[in-house]
$ cat query_25.cif   # mmCIF, C-alpha atoms
data_run
loop_
_atom_site.label_atom_id
_atom_site.label_comp_id
_atom_site.auth_asym_id
_atom_site.auth_seq_id
_atom_site.Cartn_x
_atom_site.Cartn_y
_atom_site.Cartn_z
CA MET A 53 36.58 -118.85 -5.80
CA ILE A 54 34.99 -116.38 -3.41
CA LYS A 55 37.27 -114.75 -0.85
CA GLN A 56 36.05 -112.05 1.51
CA GLN A 57 37.59 -110.66 4.68
CA TYR A 58 36.08 -108.46 7.37
CA SER A 59 37.53 -107.26 10.64
CA LYS A 60 36.50 -105.27 13.68
CA SER A 61 38.49 -103.83 16.56
CA ILE A 62 36.57 -104.38 19.80
CA ASN A 63 37.36 -102.79 23.14
CA ALA A 64 37.06 -106.03 25.12
CA PRO A 65 39.27 -109.04 25.88
CA ARG A 66 39.33 -111.99 23.46
CA GLU A 67 37.58 -114.26 25.95
CA LYS A 68 34.61 -111.92 26.21
CA VAL A 69 34.38 -111.41 22.44
CA TRP A 70 34.57 -115.20 21.94
CA HIS A 71 31.68 -115.81 24.34
CA ILE A 72 29.57 -112.96 22.93
CA MET A 73 30.05 -114.40 19.47
CA LEU A 74 29.31 -118.05 20.33
CA ASP A 75 26.93 -118.10 23.33
CA ARG A 76 23.39 -118.68 22.06
CA ASP A 77 21.75 -115.65 23.73
CA THR A 78 24.19 -113.13 22.28
CA TYR A 79 24.71 -115.05 19.01
CA GLU A 80 21.00 -114.55 18.30
CA ILE A 81 21.40 -110.79 18.78
CA TRP A 82 24.54 -110.07 16.74
CA THR A 83 23.45 -112.30 13.84
CA GLU A 84 20.07 -110.60 13.48
CA PRO A 85 21.28 -108.42 10.55
CA PHE A 86 21.75 -111.62 8.52
CA SER A 87 18.24 -112.86 9.27
CA PRO A 88 15.89 -112.09 12.19
CA GLY A 89 15.41 -115.22 14.28
CA SER A 90 18.88 -116.61 13.54
CA THR A 91 19.97 -119.35 15.91
CA PHE A 92 21.91 -122.61 15.87
CA GLU A 93 21.48 -126.24 16.84
CA GLY A 94 24.54 -128.16 17.97
CA ASP A 95 27.72 -127.10 19.67
CA TRP A 96 31.02 -125.43 18.87
CA SER A 97 33.40 -128.29 19.76
CA GLU A 98 35.84 -129.42 17.09
CA GLY A 99 34.38 -132.09 14.85
CA SER A 100 30.78 -131.30 15.85
CA LYS A 101 27.86 -130.92 13.51
CA ILE A 102 26.14 -127.55 13.84
CA VAL A 103 23.15 -126.16 11.95
CA PHE A 104 22.71 -122.42 11.57
CA MET A 105 19.08 -121.59 10.90
CA SER A 106 16.39 -118.96 10.72
CA PRO A 107 12.82 -118.65 9.46
CA ASP A 108 12.22 -117.54 5.88
CA GLU A 109 9.57 -114.99 4.88
CA ASN A 110 6.90 -117.72 5.15
CA GLY A 111 8.04 -118.89 8.58
CA LYS A 112 9.65 -122.09 7.28
CA ILE A 113 13.03 -122.93 8.80
CA PHE A 114 16.05 -122.97 6.52
CA GLY A 115 19.73 -123.13 7.34
CA MET A 116 23.28 -124.20 6.74
CA LEU A 117 24.51 -127.66 7.68
CA SER A 118 28.06 -127.20 8.98
CA LEU A 119 30.96 -128.84 10.77
CA ILE A 120 33.26 -127.22 13.30
CA LYS A 121 36.50 -127.97 11.50
CA GLU A 122 38.81 -126.42 14.10
CA ASN A 123 38.35 -124.81 17.51
CA ARG A 124 41.20 -123.20 19.42
CA PRO A 125 39.37 -121.42 22.27
CA TYR A 126 39.75 -117.64 22.31
CA GLU A 127 42.04 -117.76 19.23
CA PHE A 128 40.43 -119.36 16.19
CA ILE A 129 37.35 -121.20 15.00
CA SER A 130 36.75 -122.65 11.54
CA ILE A 131 33.32 -123.62 10.24
CA GLU A 132 33.02 -125.76 7.12
CA ASN A 133 29.68 -125.67 5.34
CA ARG A 134 28.49 -129.12 4.29
CA GLY A 135 25.09 -128.30 2.80
CA LEU A 136 21.67 -126.86 3.51
CA VAL A 137 18.73 -127.67 5.70
CA LYS A 138 15.26 -126.98 4.30
CA GLU A 139 12.08 -127.89 6.14
CA GLY A 140 14.02 -130.30 8.34
CA LYS A 141 15.79 -132.09 5.48
CA GLU A 142 19.57 -132.05 5.07
CA ILE A 143 20.63 -131.35 1.48
CA THR A 144 24.28 -132.15 0.75
CA THR A 145 24.21 -132.75 -3.00
CA GLY A 146 22.71 -131.09 -6.03
CA GLU A 147 22.95 -127.68 -7.62
CA GLU A 148 21.60 -125.74 -4.65
CA ALA A 149 23.92 -127.35 -2.09
CA GLU A 150 26.99 -127.11 -4.36
CA LYS A 151 26.97 -123.32 -3.92
CA TYR A 152 27.85 -123.82 -0.25
CA VAL A 153 29.53 -127.22 0.22
CA GLY A 154 33.17 -126.76 1.17
CA SER A 155 32.93 -123.05 1.94
CA LEU A 156 34.69 -121.92 5.10
CA GLU A 157 34.05 -119.27 7.72
CA ASN A 158 37.21 -118.66 9.74
CA TYR A 159 37.26 -116.39 12.78
CA THR A 160 40.56 -115.23 14.26
CA PHE A 161 40.75 -113.40 17.60
CA LYS A 162 43.91 -111.31 18.16
CA ASP A 163 45.04 -109.21 21.12
CA ILE A 164 45.82 -105.64 20.11
CA GLY A 165 46.76 -103.94 23.37
CA ASN A 166 43.64 -104.11 25.56
CA LYS A 167 41.41 -104.68 22.53
CA THR A 168 40.52 -107.65 20.37
CA LYS A 169 40.79 -107.65 16.62
CA LEU A 170 38.26 -110.07 15.18
CA ILE A 171 39.10 -111.16 11.64
CA VAL A 172 36.51 -113.00 9.55
CA ASP A 173 37.73 -114.86 6.46
CA LEU A 174 35.14 -116.33 4.11
CA THR A 175 36.03 -118.61 1.21
CA GLY A 176 33.80 -120.61 -1.05
CA PRO A 177 33.26 -122.15 -4.45
CA GLY A 178 31.98 -120.16 -7.39
CA GLU A 179 31.93 -116.47 -8.04
CA ILE A 180 30.05 -113.55 -6.53
CA ASP A 181 28.66 -110.62 -8.50
CA GLU A 182 29.27 -107.02 -7.46
CA ASP A 183 25.76 -106.48 -6.09
CA MET A 184 26.00 -109.55 -3.88
CA LYS A 185 29.52 -108.59 -2.81
CA GLN A 186 28.24 -105.17 -1.72
CA TYR A 187 25.33 -106.80 0.11
CA PHE A 188 27.73 -109.07 2.03
CA ASN A 189 30.02 -106.14 2.83
CA ASP A 190 27.09 -104.16 4.23
CA ILE A 191 25.51 -107.01 6.18
CA TRP A 192 28.81 -108.17 7.70
CA GLN A 193 29.65 -104.64 8.81
CA LYS A 194 26.24 -104.34 10.52
CA ALA A 195 26.62 -107.71 12.23
CA LEU A 196 30.17 -107.01 13.43
CA GLU A 197 29.13 -103.58 14.69
CA LYS A 198 26.34 -105.24 16.69
CA LEU A 199 28.84 -107.76 18.09
CA LYS A 200 31.12 -104.87 19.06
CA GLU A 201 28.26 -103.01 20.80
CA ILE A 202 27.34 -106.05 22.88
CA ALA A 203 30.96 -106.87 23.80
CA GLU A 204 31.71 -103.29 24.84
CA GLU A 205 28.70 -102.98 27.17
#
$ encode --input "query_25.cif" --output "structure tokens"
Amino acid sequence: MIKQQYSKSINAPREKVWHIMLDRDTYEIWTEPFSPGSTFEGDWSEGSKIVFMSPDENGKIFGMLSLIKENRPYEFISIENRGLVKEGKEITTGEEAEKYVGSLENYTFKDIGNKTKLIVDLTGPGEIDEDMKQYFNDIWQKALEKLKEIAEE
């Protein structure tokens, strides 16, 4: 099983960090390190379907089909991946989807004095090789740094 954790101390209140992270306009900025053009379709309410997507190198849209498993405003949000979306089709079974189905992205927002500590916990099926682990470490640090910059403006 894959388990990764990232965190960032941000000089802003939890409410502001929450909104910077989840509001579409700022979401599209801080997630750019993952893939330029990243966006989402759906909403963040508990039990809602949400699709995270971006264009691939050929301009075709691909993404993750997810469910908001839990949402405690300004404290915690859990996203459960249910499959993929490729060229408008939802893929929830098969070898490609199995890499992602059941994986979780959990975000915890904690008050540390006048700052917010954002903790990102990722879990998923399978294993991850060292090169991919390093890639995720680098990309998550860039994305969280971008989130921090926006929230501290």
$ resolve_selection --input "query_25.cif" --expression "the PyMOL selection byres ((chain A and resi 204) around 9)" --output "ChimeraX atom specification"
/A:62-64,69,199-203,205
$ atom_distance --input "query_25.cif" --atom1 "atom CA of Met116 of chain A" --atom2 "atom CA of Gly135 of chain A"
6.0 Å
$ residues_around --input "query_25.cif" --residues "Val137 of chain A" --least-positions-apart "3" --cutoff "10 Å" --atoms "all atoms listed in the file" --output "NGL selection string"
:A and (103-105 or 113-118 or 134 or 140-144 or 149)
$ atom_distance --input "query_25.cif" --atom1 "atom CA of Thr160 of chain A" --atom2 "atom CA of Val172 of chain A"
6.6 Å
$ resolve_selection --input "query_25.cif" --expression "the PyMOL selection byres ((chain A and resi 83) around 12)" --output "PyMOL selection string"
chain A and resi 72-82+84-92+104-106+191-200+202
$ atom_distance --input "query_25.cif" --atom1 "atom CA of Gln186 of chain A" --atom2 "atom CA of Lys55 of chain A"
13.2 Å
$ residues_near_point --input "query_25.cif" --point "(32.5, -118.3, -0.7)" --cutoff "8 Å" --atoms "only C-alpha atoms" --output "list in words"
Met53, Ile54, Lys55, Gln56, Tyr152, Ser155, Leu156, Leu174, Thr175, Gly176, Pro177, Gly178, Glu179 and Ile180 of chain A
$ resolve_selection --input "query_25.cif" --expression "the PyMOL selection byres ((chain A and resi 121) around 12)" --output "list in words"
Trp96, Ser97, Glu98, Gly99, Ser100, Lys101, Ile102, Ser118, Leu119, Ile120, Glu122, Asn123, Arg124, Phe128, Ile129, Ser130, Ile131, Glu132, Asn133, Arg134, Gly154, Ser155, Leu156, Glu157, Asn158 and Tyr159 of chain A
$ closest_residue --input "query_25.cif" --among "A:Trp70, A:Met184, A:Pro107, A:Gly94" --to "Lys138 of chain A" --atoms "all atoms listed in the file"
A:Pro107
$ residues_near_point --input "query_25.cif" --point "(35.0, -106.9, 12.9)" --cutoff "6 Å" --atoms "all atoms listed in the file" --output "number ranges by chain"
A: 58-61, 170, 196
$ write_last_selection --input "query_25.cif" --atoms "C-alpha atoms" --output "PDB file, keeping the file's coordinate frame"
ATOM      1  CA  TYR A  58      36.080-108.460   7.370  1.00  0.00           C
ATOM      2  CA  SER A  59      37.530-107.260  10.640  1.00  0.00           C
ATOM      3  CA  LYS A  60      36.500-105.270  13.680  1.00  0.00           C
ATOM      4  CA  SER A  61      38.490-103.830  16.560  1.00  0.00           C
ATOM      5  CA  LEU A 170      38.260-110.070  15.180  1.00  0.00           C
ATOM      6  CA  LEU A 196      30.170-107.010  13.430  1.00  0.00           C
TER       7      LEU A 196
END
$ residues_around --input "query_25.cif" --residues "Arg66 of chain A" --least-positions-apart "6" --cutoff "7 Å" --atoms "all atoms listed in the file" --output "PDB file with C-alpha atoms, keeping the file's coordinate frame"
ATOM      1  CA  TYR A 126      39.750-117.640  22.310  1.00  0.00           C
ATOM      2  CA  PHE A 161      40.750-113.400  17.600  1.00  0.00           C
ATOM      3  CA  ASP A 163      45.040-109.210  21.120  1.00  0.00           C
ATOM      4  CA  THR A 168      40.520-107.650  20.370  1.00  0.00           C
TER       5      THR A 168
END
$ decode --input "query_25.cif" --residues "segment 156-197 of chain A" --atoms "N, CA and C atoms" --output "PDB file, in the first residue's frame"
ATOM      1  N   LEU A 156      -7.153   7.363  -1.277  1.00  0.00           N
ATOM      2  CA  LEU A 156      -7.692   8.507  -0.534  1.00  0.00           C
ATOM      3  C   LEU A 156      -6.712   9.662  -0.531  1.00  0.00           C
ATOM      4  N   GLU A 157      -7.272  10.864  -0.611  1.00  0.00           N
ATOM      5  CA  GLU A 157      -6.536  12.098  -0.365  1.00  0.00           C
ATOM      6  C   GLU A 157      -7.237  12.757   0.809  1.00  0.00           C
ATOM      7  N   ASN A 158      -6.542  12.856   1.935  1.00  0.00           N
ATOM      8  CA  ASN A 158      -7.105  13.471   3.130  1.00  0.00           C
ATOM      9  C   ASN A 158      -6.347  14.748   3.448  1.00  0.00           C
ATOM     10  N   TYR A 159      -7.098  15.821   3.683  1.00  0.00           N
ATOM     11  CA  TYR A 159      -6.514  17.123   3.987  1.00  0.00           C
ATOM     12  C   TYR A 159      -7.000  17.556   5.360  1.00  0.00           C
ATOM     13  N   THR A 160      -6.050  17.818   6.255  1.00  0.00           N
ATOM     14  CA  THR A 160      -6.357  18.246   7.615  1.00  0.00           C
ATOM     15  C   THR A 160      -5.822  19.659   7.809  1.00  0.00           C
ATOM     16  N   PHE A 161      -6.648  20.532   8.367  1.00  0.00           N
ATOM     17  CA  PHE A 161      -6.301  21.931   8.603  1.00  0.00           C
ATOM     18  C   PHE A 161      -6.235  22.142  10.112  1.00  0.00           C
ATOM     19  N   LYS A 162      -5.057  22.511  10.627  1.00  0.00           N
ATOM     20  CA  LYS A 162      -4.881  22.692  12.075  1.00  0.00           C
ATOM     21  C   LYS A 162      -4.402  24.102  12.377  1.00  0.00           C
ATOM     22  N   ASP A 163      -4.953  24.683  13.455  1.00  0.00           N
ATOM     23  CA  ASP A 163      -4.470  25.972  13.944  1.00  0.00           C
ATOM     24  C   ASP A 163      -3.171  25.758  14.694  1.00  0.00           C
ATOM     25  N   ILE A 164      -2.155  26.504  14.326  1.00  0.00           N
ATOM     26  CA  ILE A 164      -0.881  26.523  15.055  1.00  0.00           C
ATOM     27  C   ILE A 164      -0.593  28.001  15.314  1.00  0.00           C
ATOM     28  N   GLY A 165      -1.041  28.484  16.479  1.00  0.00           N
ATOM     29  CA  GLY A 165      -0.948  29.925  16.743  1.00  0.00           C
ATOM     30  C   GLY A 165      -1.816  30.665  15.733  1.00  0.00           C
ATOM     31  N   ASN A 166      -1.222  31.648  15.046  1.00  0.00           N
ATOM     32  CA  ASN A 166      -1.953  32.400  14.023  1.00  0.00           C
ATOM     33  C   ASN A 166      -1.785  31.792  12.634  1.00  0.00           C
ATOM     34  N   LYS A 167      -1.194  30.628  12.556  1.00  0.00           N
ATOM     35  CA  LYS A 167      -0.936  29.974  11.278  1.00  0.00           C
ATOM     36  C   LYS A 167      -1.820  28.739  11.135  1.00  0.00           C
ATOM     37  N   THR A 168      -1.805  28.204   9.926  1.00  0.00           N
ATOM     38  CA  THR A 168      -2.502  26.955   9.636  1.00  0.00           C
ATOM     39  C   THR A 168      -1.478  25.928   9.213  1.00  0.00           C
ATOM     40  N   LYS A 169      -1.575  24.754   9.779  1.00  0.00           N
ATOM     41  CA  LYS A 169      -0.772  23.635   9.295  1.00  0.00           C
ATOM     42  C   LYS A 169      -1.701  22.774   8.456  1.00  0.00           C
ATOM     43  N   LEU A 170      -1.361  22.669   7.171  1.00  0.00           N
ATOM     44  CA  LEU A 170      -2.109  21.828   6.253  1.00  0.00           C
ATOM     45  C   LEU A 170      -1.363  20.507   6.128  1.00  0.00           C
ATOM     46  N   ILE A 171      -2.058  19.414   6.428  1.00  0.00           N
ATOM     47  CA  ILE A 171      -1.464  18.080   6.348  1.00  0.00           C
ATOM     48  C   ILE A 171      -2.194  17.306   5.261  1.00  0.00           C
ATOM     49  N   VAL A 172      -1.433  16.758   4.331  1.00  0.00           N
ATOM     50  CA  VAL A 172      -1.978  15.986   3.223  1.00  0.00           C
ATOM     51  C   VAL A 172      -1.547  14.538   3.407  1.00  0.00           C
ATOM     52  N   ASP A 173      -2.512  13.636   3.546  1.00  0.00           N
ATOM     53  CA  ASP A 173      -2.243  12.205   3.658  1.00  0.00           C
ATOM     54  C   ASP A 173      -2.800  11.516   2.426  1.00  0.00           C
ATOM     55  N   LEU A 174      -1.932  10.789   1.731  1.00  0.00           N
ATOM     56  CA  LEU A 174      -2.319  10.047   0.541  1.00  0.00           C
ATOM     57  C   LEU A 174      -2.132   8.564   0.805  1.00  0.00           C
ATOM     58  N   THR A 175      -3.150   7.780   0.510  1.00  0.00           N
ATOM     59  CA  THR A 175      -3.030   6.321   0.619  1.00  0.00           C
ATOM     60  C   THR A 175      -3.630   5.707  -0.635  1.00  0.00           C
ATOM     61  N   GLY A 176      -3.091   4.573  -1.023  1.00  0.00           N
ATOM     62  CA  GLY A 176      -3.627   3.917  -2.204  1.00  0.00           C
ATOM     63  C   GLY A 176      -3.138   2.497  -2.330  1.00  0.00           C
ATOM     64  N   PRO A 177      -3.756   1.780  -3.260  1.00  0.00           N
ATOM     65  CA  PRO A 177      -3.366   0.386  -3.495  1.00  0.00           C
ATOM     66  C   PRO A 177      -2.016   0.328  -4.201  1.00  0.00           C
ATOM     67  N   GLY A 178      -1.415  -0.807  -4.177  1.00  0.00           N
ATOM     68  CA  GLY A 178      -0.183  -1.017  -4.933  1.00  0.00           C
ATOM     69  C   GLY A 178       1.058  -0.489  -4.249  1.00  0.00           C
ATOM     70  N   GLU A 179       2.090  -0.396  -5.029  1.00  0.00           N
ATOM     71  CA  GLU A 179       3.390   0.075  -4.563  1.00  0.00           C
ATOM     72  C   GLU A 179       3.842   1.223  -5.449  1.00  0.00           C
ATOM     73  N   ILE A 180       4.820   1.967  -4.987  1.00  0.00           N
ATOM     74  CA  ILE A 180       5.362   3.083  -5.745  1.00  0.00           C
ATOM     75  C   ILE A 180       6.881   2.949  -5.760  1.00  0.00           C
ATOM     76  N   ASP A 181       7.489   3.091  -6.934  1.00  0.00           N
ATOM     77  CA  ASP A 181       8.941   2.967  -6.997  1.00  0.00           C
ATOM     78  C   ASP A 181       9.598   4.270  -6.534  1.00  0.00           C
ATOM     79  N   GLU A 182      10.890   4.211  -6.293  1.00  0.00           N
ATOM     80  CA  GLU A 182      11.604   5.356  -5.722  1.00  0.00           C
ATOM     81  C   GLU A 182      11.574   6.578  -6.629  1.00  0.00           C
ATOM     82  N   ASP A 183      11.675   6.381  -7.941  1.00  0.00           N
ATOM     83  CA  ASP A 183      11.626   7.522  -8.860  1.00  0.00           C
ATOM     84  C   ASP A 183      10.278   8.221  -8.783  1.00  0.00           C
ATOM     85  N   MET A 184       9.213   7.448  -8.775  1.00  0.00           N
ATOM     86  CA  MET A 184       7.871   8.025  -8.708  1.00  0.00           C
ATOM     87  C   MET A 184       7.640   8.677  -7.347  1.00  0.00           C
ATOM     88  N   LYS A 185       8.152   8.065  -6.306  1.00  0.00           N
ATOM     89  CA  LYS A 185       8.036   8.644  -4.964  1.00  0.00           C
ATOM     90  C   LYS A 185       8.713  10.014  -4.924  1.00  0.00           C
ATOM     91  N   GLN A 186       9.904  10.112  -5.515  1.00  0.00           N
ATOM     92  CA  GLN A 186      10.619  11.387  -5.549  1.00  0.00           C
ATOM     93  C   GLN A 186       9.857  12.412  -6.380  1.00  0.00           C
ATOM     94  N   TYR A 187       9.283  11.962  -7.492  1.00  0.00           N
ATOM     95  CA  TYR A 187       8.478  12.858  -8.334  1.00  0.00           C
ATOM     96  C   TYR A 187       7.314  13.427  -7.519  1.00  0.00           C
ATOM     97  N   PHE A 188       6.578  12.557  -6.803  1.00  0.00           N
ATOM     98  CA  PHE A 188       5.451  13.020  -5.995  1.00  0.00           C
ATOM     99  C   PHE A 188       5.909  13.965  -4.889  1.00  0.00           C
ATOM    100  N   ASN A 189       7.023  13.648  -4.248  1.00  0.00           N
ATOM    101  CA  ASN A 189       7.548  14.545  -3.216  1.00  0.00           C
ATOM    102  C   ASN A 189       7.823  15.928  -3.793  1.00  0.00           C
ATOM    103  N   ASP A 190       8.469  15.982  -4.943  1.00  0.00           N
ATOM    104  CA  ASP A 190       8.801  17.260  -5.572  1.00  0.00           C
ATOM    105  C   ASP A 190       7.553  18.023  -5.988  1.00  0.00           C
ATOM    106  N   ILE A 191       6.642  17.344  -6.662  1.00  0.00           N
ATOM    107  CA  ILE A 191       5.459  18.007  -7.208  1.00  0.00           C
ATOM    108  C   ILE A 191       4.535  18.493  -6.095  1.00  0.00           C
ATOM    109  N   TRP A 192       4.389  17.699  -5.024  1.00  0.00           N
ATOM    110  CA  TRP A 192       3.547  18.132  -3.911  1.00  0.00           C
ATOM    111  C   TRP A 192       4.162  19.336  -3.197  1.00  0.00           C
ATOM    112  N   GLN A 193       5.471  19.343  -3.048  1.00  0.00           N
ATOM    113  CA  GLN A 193       6.109  20.498  -2.407  1.00  0.00           C
ATOM    114  C   GLN A 193       5.896  21.761  -3.227  1.00  0.00           C
ATOM    115  N   LYS A 194       5.996  21.672  -4.547  1.00  0.00           N
ATOM    116  CA  LYS A 194       5.757  22.827  -5.418  1.00  0.00           C
ATOM    117  C   LYS A 194       4.312  23.304  -5.302  1.00  0.00           C
ATOM    118  N   ALA A 195       3.378  22.370  -5.333  1.00  0.00           N
ATOM    119  CA  ALA A 195       1.960  22.738  -5.257  1.00  0.00           C
ATOM    120  C   ALA A 195       1.625  23.377  -3.907  1.00  0.00           C
ATOM    121  N   LEU A 196       2.119  22.785  -2.823  1.00  0.00           N
ATOM    122  CA  LEU A 196       1.839  23.348  -1.495  1.00  0.00           C
ATOM    123  C   LEU A 196       2.512  24.696  -1.303  1.00  0.00           C
ATOM    124  N   GLU A 197       3.663  24.889  -1.889  1.00  0.00           N
ATOM    125  CA  GLU A 197       4.334  26.195  -1.822  1.00  0.00           C
ATOM    126  C   GLU A 197       3.505  27.242  -2.565  1.00  0.00           C
TER     127      GLU A 197
END
